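K.L.:
File name coords.pdb; file contents PDB, C-alpha atoms; full text below.
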ATOM      1  CA  VAL A1141      11.363  -2.497 -15.402
ATOM      2  CA  LEU A1142      14.052  -3.415 -17.935
ATOM      3  CA  GLN A1143      15.440  -1.446 -20.802
ATOM      4  CA  SER A1144      15.979  -3.165 -24.137
ATOM      5  CA  GLY A1145      18.691  -5.807 -23.933
ATOM      6  CA  GLU A1146      18.834  -5.905 -20.122
ATOM      7  CA  THR A1147      18.342  -9.028 -18.049
ATOM      8  CA  VAL A1148      17.390  -9.501 -14.410
ATOM      9  CA  SER A1149      18.661 -12.016 -11.900
ATOM     10  CA  GLN A1150      16.082 -14.531 -10.680
ATOM     11  CA  GLU A1151      17.781 -14.959  -7.305
ATOM     12  CA  TRP A1152      15.151 -12.791  -5.611
ATOM     13  CA  ARG A1153      12.350 -15.109  -6.792
ATOM     14  CA  ASP A1154      11.621 -18.716  -5.956
ATOM     15  CA  GLU A1155      10.647 -21.423  -8.441
ATOM     16  CA  LYS A1156       7.059 -20.132  -8.505
ATOM     17  CA  GLY A1157       8.156 -16.587  -9.230
ATOM     18  CA  VAL A1158       7.265 -15.315  -5.744
ATOM     19  CA  PRO A1159       9.669 -12.627  -4.434
ATOM     20  CA  ASN A1160      12.005 -13.928  -1.751
ATOM     21  CA  MET A1161      10.920 -11.541   0.960
ATOM     22  CA  ASN A1162       9.930 -12.650   4.449
ATOM     23  CA  ILE A1163       6.804 -14.425   3.205
ATOM     24  CA  ARG A1164       5.286 -17.262   5.209
ATOM     25  CA  GLU A1165       5.450 -20.679   3.610
ATOM     26  CA  ASP A1166       1.672 -21.128   3.621
ATOM     27  CA  ARG A1167       1.277 -17.845   1.727
ATOM     28  CA  ARG A1168       4.140 -18.627  -0.647
ATOM     29  CA  ALA A1169       2.623 -22.011  -1.479
ATOM     30  CA  LYS A1170      -0.515 -20.233  -2.724
ATOM     31  CA  GLY A1171       1.533 -17.900  -4.905
ATOM     32  CA  ASN A1172       0.896 -14.885  -2.668
ATOM     33  CA  TRP A1173       3.557 -12.206  -2.333
ATOM     34  CA  TRP A1174       2.462 -10.701   0.966
ATOM     35  CA  ASN A1175       1.586 -12.020   4.421
ATOM     36  CA  GLU A1176      -1.005  -9.552   5.644
ATOM     37  CA  ALA A1177      -3.119  -6.734   4.248
ATOM     38  CA  LEU A1178      -3.272  -3.196   5.567
ATOM     39  CA  SER A1179      -6.746  -1.881   4.754
ATOM     40  CA  TRP A1180      -5.855   1.787   5.010
ATOM     41  CA  VAL A1181      -8.128   2.880   2.137
ATOM     42  CA  GLU A1182     -11.749   1.745   1.997
ATOM     43  CA  GLY A1183     -13.415   1.885  -1.413
ATOM     44  CA  CYS A1184     -12.108   2.867  -4.827
ATOM     45  CA  SER A1185     -13.341   4.107  -8.213
ATOM     46  CA  HIS A1186     -12.846   2.991 -11.795
ATOM     47  CA  VAL A1187     -10.084   4.608 -13.834
ATOM     48  CA  ASP A1188     -10.369   2.467 -16.990
ATOM     49  CA  ASP A1189     -12.469  -0.351 -18.408
ATOM     50  CA  SER A1190     -10.225  -3.028 -16.865
ATOM     51  CA  CYS A1191     -11.708  -2.020 -13.491
ATOM     52  CA  ARG A1192     -14.936  -3.740 -14.489
ATOM     53  CA  ASP A1193     -13.399  -7.010 -13.270
ATOM     54  CA  CYS A1194     -11.962  -5.574 -10.034
ATOM     55  CA  TRP A1195     -11.577  -8.416  -7.539
ATOM     56  CA  LEU A1196     -11.489  -5.994  -4.600
ATOM     57  CA  GLU A1197     -14.822  -4.482  -5.638
ATOM     58  CA  ASP A1198     -16.271  -7.993  -5.801
ATOM     59  CA  MET A1199     -14.959  -8.797  -2.322
ATOM     60  CA  ALA A1200     -16.316  -5.537  -0.892
ATOM     61  CA  GLY A1201     -19.725  -6.302  -2.394
ATOM     62  CA  LYS A1202     -19.769  -9.664  -0.613
ATOM     63  CA  ARG A1203     -18.548  -8.228   2.694
ATOM     64  CA  VAL A1204     -21.281  -5.590   2.955
ATOM     65  CA  ASN A1205     -23.833  -8.305   3.846
ATOM     66  CA  HIS A1206     -21.478 -10.288   6.055
ATOM     67  CA  PRO A1207     -23.021 -11.470   9.363
ATOM     68  CA  ASN A1208     -19.976 -10.163  11.259
ATOM     69  CA  GLU A1209     -20.685  -6.485  11.872
ATOM     70  CA  GLY A1210     -16.999  -5.583  11.950
ATOM     71  CA  VAL A1211     -16.453  -7.108   8.508
ATOM     72  CA  ALA A1212     -19.625  -5.567   7.054
ATOM     73  CA  ALA A1213     -18.784  -2.098   8.390
ATOM     74  CA  ARG A1214     -15.635  -1.978   6.274
ATOM     75  CA  SER A1215     -17.677  -1.999   3.072
ATOM     76  CA  ARG A1216     -20.783  -0.165   4.216
ATOM     77  CA  GLY A1217     -21.084   3.147   2.406
ATOM     78  CA  VAL A1218     -18.412   2.424  -0.216
ATOM     79  CA  VAL A1219     -20.283  -0.179  -2.294
ATOM     80  CA  SER A1220     -23.881  -0.121  -3.497
ATOM     81  CA  ALA A1221     -26.544  -2.789  -3.044
ATOM     82  CA  LEU A1222     -25.410  -4.110  -6.428
ATOM     83  CA  GLY A1223     -21.856  -4.551  -5.135
ATOM     84  CA  LYS A1224     -20.345  -1.676  -7.129
ATOM     85  CA  TRP A1225     -18.117   1.126  -5.872
ATOM     86  CA  ILE A1226     -20.043   4.246  -4.881
ATOM     87  CA  PRO A1227     -18.382   7.316  -6.463
ATOM     88  CA  ASP A1228     -16.928   9.856  -4.029
ATOM     89  CA  SER A1229     -17.176   7.444  -1.098
ATOM     90  CA  VAL A1230     -13.495   6.508  -0.797
ATOM     91  CA  ARG A1231     -12.188   7.044   2.716
ATOM     92  CA  PHE A1232      -8.847   6.789   4.473
ATOM     93  CA  ASN A1233      -8.990   4.346   7.368
ATOM     94  CA  PRO A1234      -6.512   5.240  10.144
ATOM     95  CA  LYS A1235      -7.714   2.449  12.434
ATOM     96  CA  ASP A1236      -4.927   0.005  11.569
ATOM     97  CA  LEU A1237      -2.132   2.497  10.918
ATOM     98  CA  ASP A1238      -0.296   1.152  13.955
ATOM     99  CA  LYS A1239      -0.629  -2.517  12.944
ATOM    100  CA  PRO A1240       3.069  -2.821  11.913
ATOM    101  CA  PHE A1241       4.099  -1.383  15.293
ATOM    102  CA  ARG A1242       1.990  -3.901  17.199
ATOM    103  CA  SER A1243       3.680  -6.876  15.549
ATOM    104  CA  THR A1244       6.684  -8.455  17.232
ATOM    105  CA  LYS A1245       8.133  -9.861  13.997
ATOM    106  CA  SER A1246       9.115  -8.460  10.618
ATOM    107  CA  ASN A1247       6.435  -8.877   7.992
ATOM    108  CA  VAL A1248       5.427  -8.257   4.369
ATOM    109  CA  TYR A1249       2.306  -6.112   4.016
ATOM    110  CA  SER A1250       0.178  -5.244   1.009
ATOM    111  CA  VAL A1251      -1.565  -1.871   1.333
ATOM    112  CA  TRP A1252      -5.202  -1.813   0.150
ATOM    113  CA  SER A1253      -6.878  -0.425  -1.759
ATOM    114  CA  ASP A1254      -5.196   2.346  -3.821
ATOM    115  CA  LEU A1255      -3.134   4.475  -1.454
ATOM    116  CA  PHE A1256      -2.625   7.071  -4.196
ATOM    117  CA  HIS A1257      -6.340   7.499  -4.856
ATOM    118  CA  GLU A1258      -7.258  11.163  -5.271
ATOM    119  CA  ALA A1259      -9.575  10.956  -2.240
ATOM    120  CA  VAL A1260      -6.568  10.273   0.012
ATOM    121  CA  THR A1261      -5.077  13.619   0.987
ATOM    122  CA  ASP A1262      -1.377  14.401   0.834
ATOM    123  CA  GLU A1263      -1.405  14.742   4.610
ATOM    124  CA  GLU A1264      -2.798  11.227   5.000
ATOM    125  CA  LEU A1265      -0.240   9.909   2.518
ATOM    126  CA  ALA A1266       2.484  11.561   4.547
ATOM    127  CA  VAL A1267       1.350   9.769   7.704
ATOM    128  CA  ALA A1268       1.349   6.434   5.848
ATOM    129  CA  PHE A1269       4.893   6.953   4.560
ATOM    130  CA  GLY A1270       5.961   8.031   8.023
ATOM    131  CA  VAL A1271       4.798   4.623   9.245
ATOM    132  CA  PHE A1272       6.749   2.940   6.453
ATOM    133  CA  ALA A1273       9.867   4.864   7.459
ATOM    134  CA  ALA A1274       9.499   3.945  11.116
ATOM    135  CA  SER A1275       8.903   0.250  10.323
ATOM    136  CA  ARG A1276      12.127  -0.406   8.459
ATOM    137  CA  ARG A1277      12.153  -4.099   9.428
ATOM    138  CA  ASP A1278       8.935  -4.605   7.418
ATOM    139  CA  THR A1279       8.276  -4.583   3.659
ATOM    140  CA  PHE A1280       5.291  -2.665   2.278
ATOM    141  CA  ILE A1281       3.836  -3.309  -1.172
ATOM    142  CA  ILE A1282       1.805  -0.562  -2.824
ATOM    143  CA  CYS A1283      -0.006  -1.244  -6.090
ATOM    144  CA  THR A1284      -1.701   1.684  -7.813
ATOM    145  CA  LYS A1285      -3.412   2.660 -11.058
ATOM    146  CA  ARG A1286      -2.689   6.299 -10.266
ATOM    147  CA  ALA A1287       1.042   6.276 -10.753
ATOM    148  CA  GLU A1288       1.087   9.862 -12.004
ATOM    149  CA  ARG A1289       0.487  11.046  -8.439
ATOM    150  CA  MET A1290       3.572   9.304  -7.044
ATOM    151  CA  PRO A1291       6.319  11.637  -8.360
ATOM    152  CA  LYS A1292       4.195  14.667  -7.488
ATOM    153  CA  PHE A1293       3.872  13.548  -3.879
ATOM    154  CA  PHE A1294       7.558  12.705  -3.477
ATOM    155  CA  ALA A1295       8.506  16.079  -4.945
ATOM    156  CA  GLU A1296       6.176  17.874  -2.526
ATOM    157  CA  TYR A1297       7.025  15.948   0.667
ATOM    158  CA  ASN A1298      10.427  14.926   1.937
ATOM    159  CA  LEU A1299      11.026  11.997   4.245
ATOM    160  CA  ALA A1300      11.446  14.140   7.361
ATOM    161  CA  GLU A1301       8.016  15.716   6.818
ATOM    162  CA  CYS A1302       6.436  12.258   6.550
ATOM    163  CA  GLU A1303       8.149  11.081   9.716
ATOM    164  CA  HIS A1304       6.969  14.145  11.615
ATOM    165  CA  ALA A1305       3.420  13.713  10.231
ATOM    166  CA  ALA A1306       3.364  10.191  11.675
ATOM    167  CA  MET A1307       4.798  11.423  14.969
ATOM    168  CA  GLU A1308       2.052  14.031  15.223
ATOM    169  CA  HIS A1309      -0.582  11.389  14.474
ATOM    170  CA  PHE A1310       0.644   8.897  17.078
ATOM    171  CA  GLY A1311       2.361  11.191  19.529
ATOM    172  CA  CYS A1312       5.379   9.606  21.191
ATOM    173  CA  ARG A1313       3.626   6.274  21.705
ATOM    174  CA  TYR A1314       5.643   4.530  18.983
ATOM    175  CA  PHE A1315       8.239   7.114  18.055
ATOM    176  CA  LYS A1316       9.968   7.824  21.351
ATOM    177  CA  TRP A1317      12.543   5.146  20.559
ATOM    178  CA  MET A1318      13.490   6.630  17.175
ATOM    179  CA  PRO A1319      16.931   8.336  17.394
ATOM    180  CA  THR A1320      16.573  12.072  16.776
ATOM    181  CA  ARG A1321      19.672  12.078  14.605
ATOM    182  CA  GLN A1322      17.903   9.846  12.104
ATOM    183  CA  MET A1323      14.994  12.200  11.628
ATOM    184  CA  GLY A1324      15.357  13.842   8.246
ATOM    185  CA  SER A1325      18.762  12.272   7.607
ATOM    186  CA  ARG A1326      17.537   9.966   4.843
ATOM    187  CA  GLU A1327      16.122  10.734   1.419
ATOM    188  CA  TRP A1328      13.761   8.941  -0.917
ATOM    189  CA  PRO A1329      13.377   6.141  -1.803
ATOM    190  CA  LEU A1330      12.503   4.010   1.177
ATOM    191  CA  HIS A1331      14.074   0.646   0.478
ATOM    192  CA  ASN A1332      11.376  -1.243   2.384
ATOM    193  CA  VAL A1333       8.597   0.083   0.118
ATOM    194  CA  VAL A1334       7.836  -1.724  -3.150
ATOM    195  CA  GLY A1335       5.855   0.405  -5.596
ATOM    196  CA  MET A1336       3.883  -1.312  -8.348
ATOM    197  CA  VAL A1337       1.582  -0.110 -11.101
ATOM    198  CA  SER A1338      -1.258  -1.970 -12.760
ATOM    199  CA  VAL A1339      -0.910  -2.127 -16.549
ATOM    200  CA  PRO A1340      -3.924  -3.977 -18.026
ATOM    201  CA  ARG A1341      -3.041  -3.127 -21.627
ATOM    202  CA  GLN A1342      -0.072  -1.905 -23.638
ATOM    203  CA  GLU A1343      -1.629   1.528 -24.157
ATOM    204  CA  TYR A1344      -1.229   2.269 -20.455
ATOM    205  CA  ALA A1345       2.350   1.044 -20.190
ATOM    206  CA  ALA A1346       4.275   4.181 -21.131
ATOM    207  CA  SER A1347       2.442   6.597 -18.850
ATOM    208  CA  ARG A1348       2.115   4.384 -15.788
ATOM    209  CA  ILE A1349       5.515   2.693 -15.877
ATOM    210  CA  GLY A1350       7.090   6.021 -16.757
ATOM    211  CA  ALA A1351       5.570   7.636 -13.677
ATOM    212  CA  LEU A1352       6.758   4.725 -11.523
ATOM    213  CA  ILE A1353      10.321   5.077 -12.814
ATOM    214  CA  GLU A1354      10.216   8.827 -12.231
TER
END
Go ahead and render the structure in this file as structure tokens.
P.N.:
Amino acid sequence: VLQSGETVSQEWRDEKGVPNMNIREDRRAKGNWWNEALSWVEGCSHVDDSCRDCWLEDMAGKRVNHPNEGVAARSRGVVSALGKWIPDSVRFNPKDLDKPFRSTKSNVYSVWSDLFHEAVTDEELAVAFGVFAASRRDTFIICTKRAERMPKFFAEYNLAECEHAAMEHFGCRYFKWMPTRQMGSREWPLHNVVGMVSVPRQEYAASRIGALIE
């Protein structure tokens, strides 16, 4: 976000405008800015009229009738027979929380759907950010329409609490290698987490971008 009169270097973007993170060439060629998705939140709900054209809702509606049971199960219960989000059905999905730990290479992940949805508890958010902190070789992209929750969460939870929340969730399976002296020694922000807000119209710009900056 730029203030009036400021400019930004384009060195971090390629000729197609894709950020120069560790993105695979096949993904970059398609204009994508992540390699893999982390489906940690199943379902969503509309916050404004721009959500009527939600591509994720459309995908979930198609998946619910997928012949592969594993694919269909992801959408079952969160979208209706008409392919629309079911209110109050959003759920946190801890199944793939350890996916970054299971990879042998650094990666760029996009977290789906809205990690800051009100149905995701602060405790679950803390576990997610504990994973981000422990996977410092990776980049995590979070896009939300609920930016007002971000500063509230970061004011309530410090980084050490998030790390310990993740340790309690996983036990010492992935965290036994983490030096004790690093626990709680760092403050926000995490430099491997990219926060983004969706701004469909100018009327939403001030509140959402303002919350992101805060």
K.L.:
Please write the residues picked by the PyMOL selection byres ((chain A and resi 1267) around 6) on this file as an NGL selection string.
P.N.:
:A and (1264-1266 or 1268-1270 or 1302 or 1305-1306)
K.L.:
Write the residues of the selection above to a file with C-alpha atoms, as a JSON list (two decimals), keeping the file's coordinate frame.
P.N.:
[["chain", "number", "residue", "atom", "x", "y", "z"],
["A", 1264, "GLU", "CA", -2.80, 11.23, 5.00],
["A", 1265, "LEU", "CA", -0.24, 9.91, 2.52],
["A", 1266, "ALA", "CA", 2.48, 11.56, 4.55],
["A", 1268, "ALA", "CA", 1.35, 6.43, 5.85],
["A", 1269, "PHE", "CA", 4.89, 6.95, 4.56],
["A", 1270, "GLY", "CA", 5.96, 8.03, 8.02],
["A", 1302, "CYS", "CA", 6.44, 12.26, 6.55],
["A", 1305, "ALA", "CA", 3.42, 13.71, 10.23],
["A", 1306, "ALA", "CA", 3.36, 10.19, 11.68]]
K.L.:
Between A:Glu1182, A:Asp1228, A:Asp1238, A:Asp1189, which residue has the minimum interatomic distance to Tyr1344 in chain A, considering only C-alpha atoms?
P.N.:
A:Asp1189
K.L.:
Rank A:Glu1327, A:Asp1236, A:Glu1303, A:Glu1296 by their smallest atom-to-atom distance to Ala1177 in chain A, using only C-alpha atoms, and report the top residue only.
P.N.:
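Of A:Glu1327, A:Asp1236, A:Glu1303, A:Glu1296, the one nearest Ala1177 in chain A is A:Asp1236, counting only C-alpha atoms.
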K.L.:
Quick check, in Å to one decimal: how far apart do CA of Trp1173 in chain A and CA of Ser1338 in chain A lie?
P.N.:
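Between CA of Trp1173 in chain A and CA of Ser1338 in chain A the gap works out to 15.4 Å.
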K.L.:
Counting only C-alpha atoms, figure out which residue out of A:Lys1235, A:Lys1285, A:Lys1292, A:His1304 gets nearest to Met1336 in chain A.
P.N.:
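Between A:Lys1235, A:Lys1285, A:Lys1292, A:His1304, the residue approaching Met1336 in chain A most closely is A:Lys1285.
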K.L.:
Leaving out Asp1254 in chain A and any residue of its chain fewer than 5 positions from it, which residues lie within 9 Å of it when counting all atoms listed in the file, given as an NGL selection string?
P.N.:
:A and (1180-1184 or 1260 or 1282-1286)
